[in-house]
$ cat structure-v7.txt   # compact mmCIF, C-alpha atoms
# COMPACT_ATOMS: atom_id res chain seq x y z
CA MET A 1 29.94 4.22 -110.20
CA LYS A 2 27.49 2.77 -107.69
CA VAL A 3 29.19 2.74 -104.29
CA LEU A 4 28.12 0.97 -101.08
CA VAL A 5 29.44 2.30 -97.77
CA VAL A 6 29.17 -0.16 -94.88
CA GLY A 7 28.51 1.36 -91.44
CA SER A 8 26.23 3.70 -89.56
CA GLY A 9 28.24 6.37 -87.73
CA GLY A 10 29.75 9.81 -88.07
CA ARG A 11 32.82 8.35 -89.78
CA GLU A 12 30.65 6.81 -92.49
CA HIS A 13 28.74 10.08 -92.91
CA ALA A 14 32.04 11.93 -93.43
CA ILE A 15 33.19 9.35 -95.98
CA ILE A 16 29.86 9.58 -97.84
CA LYS A 17 29.94 13.39 -97.94
CA SER A 18 33.46 13.23 -99.40
CA LEU A 19 32.49 10.58 -101.96
CA LYS A 20 29.51 12.70 -103.05
CA LYS A 21 31.97 15.30 -104.36
CA SER A 22 33.47 12.79 -106.82
CA LYS A 23 32.43 13.04 -110.48
CA ARG A 24 33.01 9.29 -110.68
CA VAL A 25 30.31 8.45 -108.13
CA SER A 26 26.70 8.50 -109.35
CA LYS A 27 24.90 6.65 -106.54
CA ILE A 28 25.74 5.91 -102.89
CA PHE A 29 24.12 3.28 -100.71
CA ALA A 30 24.73 3.08 -96.95
CA ALA A 31 24.16 -0.07 -94.91
CA PRO A 32 22.67 0.41 -92.43
CA GLY A 33 23.30 4.17 -92.33
CA ASN A 34 21.35 6.48 -90.00
CA GLY A 35 18.87 9.35 -90.05
CA GLY A 36 21.34 11.98 -91.19
CA ILE A 37 23.10 9.71 -93.65
CA SER A 38 19.73 9.12 -95.36
CA CYS A 39 19.92 12.73 -96.59
CA ASP A 40 23.12 11.93 -98.53
CA ALA A 41 22.74 8.25 -99.48
CA GLU A 42 20.10 5.56 -99.86
CA CYS A 43 20.06 3.63 -96.60
CA VAL A 44 19.62 -0.14 -96.66
CA GLN A 45 18.63 -1.93 -93.46
CA ILE A 46 21.42 -4.51 -93.37
CA LYS A 47 23.56 -4.84 -90.25
CA ALA A 48 27.21 -3.93 -90.83
CA VAL A 49 28.34 -7.38 -89.65
CA ASP A 50 25.85 -9.36 -91.80
CA ILE A 51 28.34 -10.47 -94.43
CA SER A 52 26.02 -12.79 -96.36
CA ALA A 53 23.19 -10.23 -96.62
CA MET A 54 25.63 -7.45 -97.52
CA THR A 55 27.24 -9.58 -100.22
CA GLU A 56 23.86 -10.62 -101.62
CA PHE A 57 22.77 -6.97 -101.80
CA ALA A 58 26.01 -5.89 -103.49
CA VAL A 59 25.65 -8.63 -106.12
CA GLN A 60 21.94 -7.99 -106.77
CA GLN A 61 22.40 -4.23 -107.09
CA VAL A 62 25.53 -4.65 -109.26
CA ILE A 63 27.51 -2.46 -106.86
CA ASP A 64 30.76 -1.25 -108.46
CA TYR A 65 32.70 -0.56 -105.27
CA VAL A 66 32.30 -1.17 -101.53
CA VAL A 67 33.86 0.84 -98.71
CA VAL A 68 33.93 -1.29 -95.54
CA ALA A 69 34.40 1.34 -92.85
CA PRO A 70 33.87 -0.21 -89.36
CA ASP A 71 36.28 -2.53 -87.55
CA ASP A 72 33.88 -5.43 -86.87
CA PRO A 73 33.04 -6.39 -90.50
CA LEU A 74 36.71 -5.94 -91.44
CA ALA A 75 37.78 -8.27 -88.63
CA LEU A 76 35.15 -10.80 -89.76
CA GLY A 77 36.51 -10.82 -93.32
CA MET A 78 33.83 -8.94 -95.27
CA VAL A 79 36.38 -7.62 -97.78
CA ASP A 80 37.61 -11.16 -98.54
CA VAL A 81 34.07 -12.40 -99.24
CA LEU A 82 33.14 -9.43 -101.44
CA GLU A 83 36.35 -9.66 -103.45
CA GLU A 84 35.73 -13.37 -104.01
CA LYS A 85 32.52 -12.26 -105.73
CA GLY A 86 34.53 -9.90 -107.93
CA ILE A 87 33.49 -6.72 -106.14
CA PRO A 88 36.41 -4.34 -105.48
CA CYS A 89 36.63 -2.93 -101.95
CA PHE A 90 38.38 -0.35 -99.83
CA GLY A 91 39.60 -1.95 -96.63
CA PRO A 92 41.94 -4.71 -95.47
CA GLY A 93 41.22 -8.43 -95.58
CA LYS A 94 40.69 -10.42 -92.40
CA ALA A 95 44.35 -11.37 -91.96
CA ALA A 96 45.53 -7.76 -92.20
CA ALA A 97 42.69 -6.48 -89.99
CA ARG A 98 44.28 -8.42 -87.11
CA ILE A 99 46.49 -5.38 -86.62
CA GLU A 100 43.48 -3.93 -84.78
CA SER A 101 41.36 -6.96 -83.91
CA SER A 102 44.19 -8.50 -81.88
CA LYS A 103 46.31 -6.34 -79.58
CA VAL A 104 48.55 -9.37 -79.07
CA PHE A 105 49.20 -9.68 -82.83
CA ALA A 106 49.95 -5.95 -83.07
CA LYS A 107 52.31 -5.87 -80.09
CA ASP A 108 54.17 -9.00 -81.21
CA LEU A 109 54.49 -7.50 -84.72
CA MET A 110 56.05 -4.33 -83.32
CA LYS A 111 58.42 -6.31 -81.11
CA LYS A 112 59.53 -8.55 -83.99
CA TYR A 113 60.20 -5.64 -86.36
CA ASP A 114 61.62 -3.14 -83.83
CA ILE A 115 58.77 -0.66 -84.18
CA PRO A 116 58.79 1.59 -81.09
CA THR A 117 56.01 0.80 -78.60
CA ALA A 118 55.50 0.39 -74.85
CA LYS A 119 56.98 -2.65 -73.07
CA TYR A 120 54.33 -5.28 -72.46
CA GLU A 121 53.30 -8.71 -71.21
CA VAL A 122 50.55 -10.94 -72.63
CA PHE A 123 48.27 -13.04 -70.37
CA ASP A 124 45.79 -15.77 -71.32
CA SER A 125 44.50 -16.39 -67.78
CA ALA A 126 43.16 -14.07 -65.11
CA LYS A 127 45.12 -15.96 -62.43
CA LYS A 128 48.48 -15.24 -64.10
CA ALA A 129 47.56 -11.61 -64.76
CA LEU A 130 46.41 -11.04 -61.18
CA LYS A 131 49.61 -12.57 -59.87
CA PHE A 132 51.64 -10.21 -62.07
CA VAL A 133 49.92 -6.99 -60.94
CA VAL A 134 50.44 -7.75 -57.24
CA SER A 135 54.09 -8.73 -57.74
CA ASP A 136 57.14 -6.57 -57.22
CA ASN A 137 57.60 -6.43 -61.01
CA ALA A 138 54.48 -4.31 -61.49
CA ALA A 139 55.42 -0.63 -61.78
CA PHE A 140 52.32 1.55 -61.66
CA PRO A 141 50.54 3.08 -63.40
CA LEU A 142 49.94 0.23 -65.86
CA VAL A 143 47.79 0.06 -68.99
CA ILE A 144 45.50 -2.96 -69.30
CA LYS A 145 44.02 -3.76 -72.72
CA ALA A 146 41.51 -6.33 -73.89
CA ASP A 147 43.03 -8.23 -76.82
CA GLY A 148 40.07 -7.85 -79.19
CA LEU A 149 37.69 -5.12 -80.35
CA ALA A 150 35.83 -3.28 -77.58
CA LEU A 151 34.29 -0.17 -79.20
CA GLY A 152 37.36 1.86 -78.27
CA LYS A 153 36.71 1.28 -74.56
CA GLY A 154 38.81 -1.81 -73.79
CA VAL A 155 41.74 0.15 -72.36
CA ILE A 156 42.02 0.80 -68.62
CA ILE A 157 44.76 2.75 -66.85
CA ALA A 158 45.39 1.27 -63.38
CA ASN A 159 47.17 3.38 -60.76
CA ASN A 160 47.65 0.61 -58.22
CA SER A 161 47.27 -3.15 -57.75
CA ARG A 162 43.65 -2.83 -56.60
CA GLU A 163 42.59 -0.96 -59.73
CA ALA A 164 44.60 -3.38 -61.88
CA SER A 165 42.97 -6.40 -60.24
CA GLU A 166 39.50 -4.89 -60.74
CA ALA A 167 40.27 -4.24 -64.41
CA ILE A 168 41.53 -7.79 -64.98
CA GLU A 169 38.47 -9.29 -63.28
CA ALA A 170 36.12 -7.08 -65.32
CA ILE A 171 37.78 -7.96 -68.62
CA MET A 172 38.75 -11.61 -68.15
CA ILE A 173 36.30 -13.00 -65.57
CA GLU A 174 33.16 -10.86 -65.91
CA LYS A 175 33.75 -10.62 -69.69
CA LYS A 176 32.80 -6.94 -69.84
CA PHE A 177 33.92 -6.90 -73.48
CA GLY A 178 32.89 -10.46 -74.32
CA GLU A 179 35.46 -12.74 -75.93
CA SER A 180 37.65 -9.70 -76.64
CA GLY A 181 38.89 -10.19 -73.09
CA SER A 182 39.99 -13.80 -73.40
CA ASN A 183 43.57 -12.50 -73.61
CA ILE A 184 44.90 -9.22 -72.28
CA VAL A 185 47.96 -7.06 -72.79
CA ILE A 186 49.47 -5.30 -69.77
CA GLU A 187 51.93 -2.60 -70.77
CA GLU A 188 53.96 0.18 -69.27
CA PHE A 189 52.32 3.59 -68.93
CA LEU A 190 53.86 6.23 -71.19
CA SER A 191 53.25 9.96 -71.10
CA GLY A 192 53.32 12.69 -73.71
CA PRO A 193 51.04 14.29 -76.30
CA GLU A 194 48.93 11.83 -78.30
CA VAL A 195 48.63 12.07 -82.07
CA SER A 196 46.29 10.31 -84.48
CA VAL A 197 47.61 9.81 -88.01
CA LEU A 198 45.43 8.14 -90.62
CA ALA A 199 47.26 6.90 -93.70
CA PHE A 200 46.24 5.61 -97.09
CA THR A 201 48.23 2.54 -98.06
CA ASP A 202 48.05 0.01 -100.89
CA GLY A 203 50.39 -2.43 -99.15
CA LYS A 204 53.51 -0.86 -100.67
CA THR A 205 53.14 2.91 -100.57
CA VAL A 206 51.95 4.78 -97.48
CA LEU A 207 50.62 8.34 -97.67
CA PRO A 208 49.76 9.87 -94.28
CA MET A 209 46.81 12.26 -94.00
CA VAL A 210 46.67 15.45 -91.97
CA SER A 211 47.40 14.67 -88.31
CA SER A 212 44.76 15.13 -85.62
CA MET A 213 44.23 15.25 -81.86
CA ASP A 214 41.41 13.14 -80.42
CA HIS A 215 39.88 13.72 -76.98
CA LYS A 216 38.89 10.34 -75.52
CA ARG A 217 37.81 11.18 -71.98
CA ALA A 218 34.13 11.95 -71.38
CA PHE A 219 34.53 15.15 -69.37
CA ASP A 220 36.39 18.45 -69.44
CA GLY A 221 39.96 18.42 -68.24
CA ASN A 222 40.51 14.94 -69.72
CA LYS A 223 38.55 13.37 -66.87
CA GLY A 224 36.06 10.55 -66.69
CA PRO A 225 35.88 7.25 -68.57
CA ASN A 226 37.28 6.58 -72.02
CA THR A 227 34.80 7.07 -74.85
CA GLY A 228 34.94 6.49 -78.59
CA GLY A 229 36.02 10.14 -78.85
CA MET A 230 34.46 13.46 -77.74
CA GLY A 231 36.09 15.77 -80.25
CA VAL A 232 39.03 16.35 -82.57
CA ILE A 233 41.20 19.11 -83.97
CA ALA A 234 43.36 18.88 -87.09
CA PRO A 235 46.22 19.30 -87.65
CA ASN A 236 47.72 18.25 -84.31
CA PRO A 237 49.84 21.16 -82.98
CA TYR A 238 52.45 18.77 -81.49
CA TYR A 239 53.06 16.92 -84.77
CA THR A 240 55.87 18.83 -86.47
CA GLN A 241 57.53 18.13 -89.82
CA ASP A 242 60.57 16.74 -88.00
CA ILE A 243 58.41 14.33 -85.98
CA ALA A 244 56.55 13.32 -89.16
CA ALA A 245 59.88 12.42 -90.79
CA ILE A 246 60.89 10.31 -87.78
CA CYS A 247 57.53 8.52 -87.80
CA GLU A 248 57.78 7.72 -91.49
CA LYS A 249 61.22 6.19 -91.02
CA THR A 250 60.67 4.33 -87.74
CA ILE A 251 56.93 3.55 -87.75
CA TYR A 252 54.94 3.98 -90.98
CA LEU A 253 57.21 2.30 -93.53
CA PRO A 254 58.41 -0.44 -91.11
CA THR A 255 54.77 -1.32 -90.33
CA ILE A 256 53.82 -1.64 -94.01
CA ARG A 257 56.92 -3.77 -94.67
CA ALA A 258 56.23 -5.91 -91.59
CA MET A 259 52.72 -6.69 -92.80
CA GLN A 260 54.11 -7.61 -96.22
CA ASN A 261 56.70 -9.88 -94.63
CA GLU A 262 54.01 -11.57 -92.53
CA GLY A 263 52.09 -12.44 -95.70
CA CYS A 264 49.16 -10.12 -94.99
CA PRO A 265 49.85 -6.82 -96.80
CA PHE A 266 47.63 -4.01 -95.52
CA LYS A 267 45.46 -2.18 -98.05
CA GLY A 268 43.07 0.55 -96.94
CA CYS A 269 43.29 3.18 -94.23
CA LEU A 270 45.74 2.36 -91.46
CA TYR A 271 45.35 4.39 -88.28
CA PHE A 272 48.44 5.09 -86.21
CA GLY A 273 47.70 6.05 -82.60
CA LEU A 274 50.96 7.65 -81.48
CA MET A 275 52.42 9.12 -78.31
CA LEU A 276 55.25 11.63 -78.43
CA THR A 277 57.40 10.55 -75.47
CA ASN A 278 60.67 12.08 -74.30
CA LYS A 279 62.39 9.18 -76.07
CA GLY A 280 60.60 9.83 -79.35
CA PRO A 281 57.30 8.82 -81.00
CA VAL A 282 55.90 5.37 -80.17
CA VAL A 283 52.85 3.39 -81.29
CA ILE A 284 50.06 3.17 -78.72
CA GLU A 285 47.68 1.34 -81.06
CA TYR A 286 46.83 0.57 -84.66
CA ASN A 287 43.35 0.67 -86.15
CA CYS A 288 42.54 -1.07 -89.42
CA ARG A 289 40.23 1.70 -90.66
CA PHE A 290 39.42 5.41 -90.58
CA GLY A 291 39.28 6.69 -87.02
CA ASP A 292 36.05 7.95 -85.53
CA PRO A 293 35.78 10.91 -84.92
CA GLU A 294 39.16 11.81 -86.49
CA THR A 295 37.72 11.25 -89.97
CA GLN A 296 35.14 13.98 -89.37
CA ALA A 297 37.96 16.51 -88.86
CA VAL A 298 40.45 15.20 -91.43
CA LEU A 299 38.35 14.54 -94.57
CA PRO A 300 36.98 18.11 -94.77
CA LEU A 301 40.60 19.17 -95.40
CA LEU A 302 41.04 16.74 -98.33
CA GLU A 303 41.15 18.45 -101.73
CA THR A 304 41.83 15.37 -103.89
CA ASP A 305 38.95 13.14 -105.05
CA LEU A 306 38.49 10.53 -102.28
CA PHE A 307 37.12 7.92 -104.68
CA GLU A 308 40.20 8.26 -106.92
CA ILE A 309 42.42 7.68 -103.88
CA MET A 310 40.43 4.65 -102.76
CA GLU A 311 40.61 3.09 -106.21
CA ALA A 312 44.36 3.71 -106.31
CA VAL A 313 44.64 1.84 -102.99
CA THR A 314 42.57 -1.11 -104.27
CA TYR A 315 44.55 -1.45 -107.50
CA GLU A 316 47.93 -0.69 -105.90
CA ARG A 317 48.49 2.56 -107.81
CA LEU A 318 48.91 4.84 -104.81
CA SER A 319 52.46 5.82 -105.78
CA GLN A 320 51.10 7.31 -109.00
CA ILE A 321 48.84 9.95 -107.46
CA GLU A 322 49.43 13.16 -105.52
CA ILE A 323 47.11 13.87 -102.61
CA LYS A 324 46.43 17.53 -101.88
CA TRP A 325 45.32 18.92 -98.53
CA SER A 326 43.94 22.29 -97.49
CA LYS A 327 46.21 24.46 -95.34
CA ALA A 328 43.21 25.25 -93.13
CA SER A 329 42.50 23.85 -89.66
CA SER A 330 39.41 22.00 -88.51
CA ALA A 331 37.57 21.25 -85.29
CA CYS A 332 34.92 18.64 -84.51
CA VAL A 333 32.87 18.71 -81.31
CA ILE A 334 30.82 15.63 -80.46
CA LEU A 335 27.32 16.01 -79.03
CA ALA A 336 26.59 12.91 -76.98
CA SER A 337 23.67 11.50 -75.04
CA GLY A 338 23.67 12.17 -71.29
CA GLY A 339 25.32 9.26 -69.50
CA TYR A 340 27.51 8.21 -72.43
CA PRO A 341 29.68 6.06 -72.51
CA ASP A 342 27.74 4.19 -69.83
CA SER A 343 23.94 3.94 -69.80
CA TYR A 344 21.94 6.56 -71.69
CA LYS A 345 18.48 7.09 -73.13
CA THR A 346 17.61 7.70 -76.79
CA GLY A 347 14.61 8.80 -78.84
CA PHE A 348 14.77 12.51 -78.00
CA ALA A 349 13.92 15.10 -80.65
CA ILE A 350 16.85 17.18 -81.94
CA SER A 351 16.20 20.88 -82.52
CA GLY A 352 18.32 23.29 -84.55
CA LEU A 353 18.71 21.14 -87.69
CA ASP A 354 17.21 21.79 -91.12
CA GLU A 355 15.44 19.20 -93.29
CA ASN A 356 18.84 17.85 -94.41
CA GLY A 357 20.08 17.44 -90.84
CA GLN A 358 22.42 20.41 -91.10
CA SER A 359 23.00 23.55 -89.03
CA ALA A 360 22.17 27.11 -90.03
CA GLU A 361 25.64 28.01 -88.82
CA GLU A 362 28.83 27.72 -90.89
CA ALA A 363 29.38 24.07 -89.93
CA VAL A 364 28.97 20.56 -91.26
CA VAL A 365 26.90 18.26 -89.06
CA TYR A 366 27.92 14.60 -89.25
CA HIS A 367 25.30 12.24 -87.88
CA ALA A 368 26.64 9.46 -85.67
CA GLY A 369 23.58 8.19 -83.79
CA THR A 370 20.35 9.60 -85.22
CA ALA A 371 17.06 8.32 -86.61
CA LEU A 372 14.67 10.14 -88.94
CA LYS A 373 10.97 9.68 -88.15
CA ASN A 374 8.12 11.78 -89.57
CA SER A 375 10.65 14.34 -90.87
CA GLU A 376 12.12 14.75 -87.37
CA PHE A 377 15.63 13.80 -86.30
CA LEU A 378 15.83 11.81 -83.05
CA THR A 379 18.75 10.68 -80.91
CA ALA A 380 19.59 7.00 -81.49
CA GLY A 381 23.04 6.41 -79.99
CA GLY A 382 25.68 7.41 -77.47
CA ARG A 383 27.49 9.79 -79.77
CA VAL A 384 24.76 11.66 -81.63
CA LEU A 385 26.30 14.39 -83.80
CA GLY A 386 29.73 15.66 -84.82
CA ILE A 387 29.82 19.43 -85.42
CA THR A 388 32.75 20.23 -87.73
CA THR A 389 34.08 23.58 -88.88
CA THR A 390 37.15 24.75 -90.80
CA ALA A 391 39.06 28.02 -90.69
CA ALA A 392 42.47 29.43 -91.56
CA ASP A 393 43.26 29.58 -87.83
CA GLN A 394 42.82 26.67 -85.40
CA ASN A 395 41.29 28.83 -82.65
CA LYS A 396 38.82 30.29 -85.14
CA ALA A 397 37.75 26.78 -86.22
CA ILE A 398 37.14 25.83 -82.57
CA GLU A 399 35.23 29.05 -81.93
CA LYS A 400 33.00 28.44 -84.97
CA ALA A 401 32.31 24.86 -83.88
CA TYR A 402 31.12 25.91 -80.41
CA LYS A 403 28.97 28.66 -81.94
CA ALA A 404 27.17 25.96 -83.95
CA VAL A 405 26.97 23.65 -80.92
CA LYS A 406 24.90 26.27 -79.07
CA THR A 407 22.22 26.23 -81.79
CA ILE A 408 21.54 22.47 -81.59
CA SER A 409 19.84 20.85 -78.62
CA PHE A 410 18.20 17.67 -77.35
CA GLU A 411 17.36 16.32 -73.92
CA GLY A 412 20.52 15.28 -72.06
CA LYS A 413 22.89 16.87 -74.60
CA HIS A 414 26.45 16.38 -73.36
CA PHE A 415 29.67 17.74 -74.84
CA ARG A 416 33.13 18.77 -73.77
CA SER A 417 33.77 22.52 -73.71
CA ASP A 418 37.57 22.22 -73.96
CA ILE A 419 38.21 20.50 -77.31
CA GLY A 420 41.59 21.67 -78.59
CA LYS A 421 42.95 22.65 -75.17
CA TYR A 422 44.40 19.23 -74.29

$ encode --input "structure-v7.txt" --output "structure tokens"
Amino acid sequence: MKVLVVGSGGREHAIIKSLKKSKRVSKIFAAPGNGGISCDAECVQIKAVDISAMTEFAVQQVIDYVVVAPDDPLALGMVDVLEEKGIPCFGPGKAAARIESSKVFAKDLMKKYDIPTAKYEVFDSAKKALKFVVSDNAAFPLVIKADGLALGKGVIIANNSREASEAIEAIMIEKKFGESGSNIVIEEFLSGPEVSVLAFTDGKTVLPMVSSMDHKRAFDGNKGPNTGGMGVIAPNPYYTQDIAAICEKTIYLPTIRAMQNEGCPFKGCLYFGLMLTNKGPVVIEYNCRFGDPETQAVLPLLETDLFEIMEAVTYERLSQIEIKWSKASSACVILASGGYPDSYKTGFAISGLDENGQSAEEAVVYHAGTALKNSEFLTAGGRVLGITTTAADQNKAIEKAYKAVKTISFEGKHFRSDIGKY
């Protein structure tokens, strides 16, 4: 099989490394890919959101299967266009991708089908939203979310009316996240451990993967601005078998049925961002694809052929296969550019990697934002590398990851030193 993986980050690198293990896969293309991905796949310089160019390439190269990994092309309907050309894909169509591309759609879906989530209000004008946050009805802290996609950064926790007003103005008036902020969701603040659960689903059957714990804040101690993710451990220590059973009954299956009932069955990887509150697990957010960087910690634990699973999802045969997972634990530490998630510089040489972009230590290096020029890897993004290790014990996996982190360097290298402690 000739497989095309759409995207250019650490998530895509993890997917490609897993697909390489499949006996069914003979050739992998990545579009656009990155420096490190070029060591595992043939990179094609097509932007992930360029649906017409991507489709033309897939047709010309007689691609057998396409994995659309990022949220933007899914939200734009790339899967629908490719499937119209007869090319099977992994990923939801545009209508189903709304579960991530519109916070309003997702919240209204949960309300309609009694799926546990935070109480919320939707606003289509800054004036109405500002009036709400200065009213007596506003109980702080509040969570303010841009309706659309915002690179994982469109969520602001406001501790008082001033912070809430600033957030609303930034999202709705200054358009910090573009048209994603045309509508906003303001919801109650909930507390408790957060859990990420990725799940394979063919629209009928849902098979959750190993749980994980993402670390969104930029700095140690869970401080600083939200990022796309600074590190992950898997499995999540708070996610017990009892909680998993509750989630399946109250969240996973009801969500799949709700999407069916709405006429947009979800096929692909559905990400459940959960919070374990004192009243039970609730949904904080859905993503319509593999999480990043959760994928970099979860897929190394997968023992079943990833391509076989993806095909079973596409052809609605998921109930017929058994997915096996390692009993080991994993840890992924993100090396980011100094200044991320705000302004940062790129183009710095990375030392400590071999010719394949890997570490001499017992770790897998997933490239998120790198370029390869004259046989040298350079920084080319905010999140640069994901250093992933596995071990029988969670603490050992974390220890191994930080040992590898020490051997890799570039100007401005920034990472959290407390992954797994929060």

$ atom_distance --input "structure-v7.txt" --atom1 "atom CA of Ile16 of chain A" --atom2 "atom CA of Ile323 of chain A"
18.4 Å

$ atom_distance --input "structure-v7.txt" --atom1 "atom CA of Leu190 of chain A" --atom2 "atom CA of Cys288 of chain A"
22.7 Å

$ atom_distance --input "structure-v7.txt" --atom1 "atom CA of Tyr344 of chain A" --atom2 "atom CA of Gly412 of chain A"
8.8 Å

$ residues_around --input "structure-v7.txt" --residues "segment 108-113 of chain A" --least-positions-apart "6" --cutoff "9 Å" --atoms "all atoms listed in the file" --output "PyMOL selection string"
chain A and resi 99+119+254-255+258-259+262+283

$ closest_residue --input "structure-v7.txt" --among "A:Phe219, A:Phe123, A:Phe177, A:Tyr239" --to "Gly192 of chain A" --atoms "all atoms listed in the file"
A:Tyr239

$ residues_around --input "structure-v7.txt" --residues "Asn356 of chain A" --least-positions-apart "4" --cutoff "10 Å" --atoms "only C-alpha atoms" --output "number ranges by chain"
A: 35-40, 365, 375, 377

$ closest_atom_pairs --input "structure-v7.txt" --of "segment 305-421 of chain A" --to "segment 265-280 of chain A" --cutoff "9 Å" --atoms "only C-alpha atoms" --output "JSON lines"
{"residue": "A:Met310", "atom": "CA", "partner": "A:Gly268", "partner_atom": "CA", "distance": 7.6}
{"residue": "A:Val313", "atom": "CA", "partner": "A:Gly268", "partner_atom": "CA", "distance": 6.4}
{"residue": "A:Thr314", "atom": "CA", "partner": "A:Lys267", "partner_atom": "CA", "distance": 6.9}
{"residue": "A:Glu316", "atom": "CA", "partner": "A:Lys267", "partner_atom": "CA", "distance": 8.4}

$ residues_around --input "structure-v7.txt" --residues "Glu169 of chain A" --least-positions-apart "5" --cutoff "12 Å" --atoms "only C-alpha atoms" --output "NGL selection string"
:A and (125-130 or 133 or 144 or 146 or 156 or 162-164 or 174-177 or 181-184)

$ closest_residue --input "structure-v7.txt" --among "A:Glu308, A:Glu322, A:Glu187, A:Glu100" --to "Ala150 of chain A" --atoms "all atoms listed in the file"
A:Glu100

$ closest_residue --input "structure-v7.txt" --among "A:Glu179, A:Glu121, A:Asp71, A:Asp342" --to "Tyr286 of chain A" --atoms "all atoms listed in the file"
A:Asp71

$ residues_around --input "structure-v7.txt" --residues "Tyr422 of chain A" --least-positions-apart "5" --cutoff "10 Å" --atoms "only C-alpha atoms" --output "JSON, numbers by chain"
{"A": [193, 194, 213, 214, 215, 220, 221, 222]}
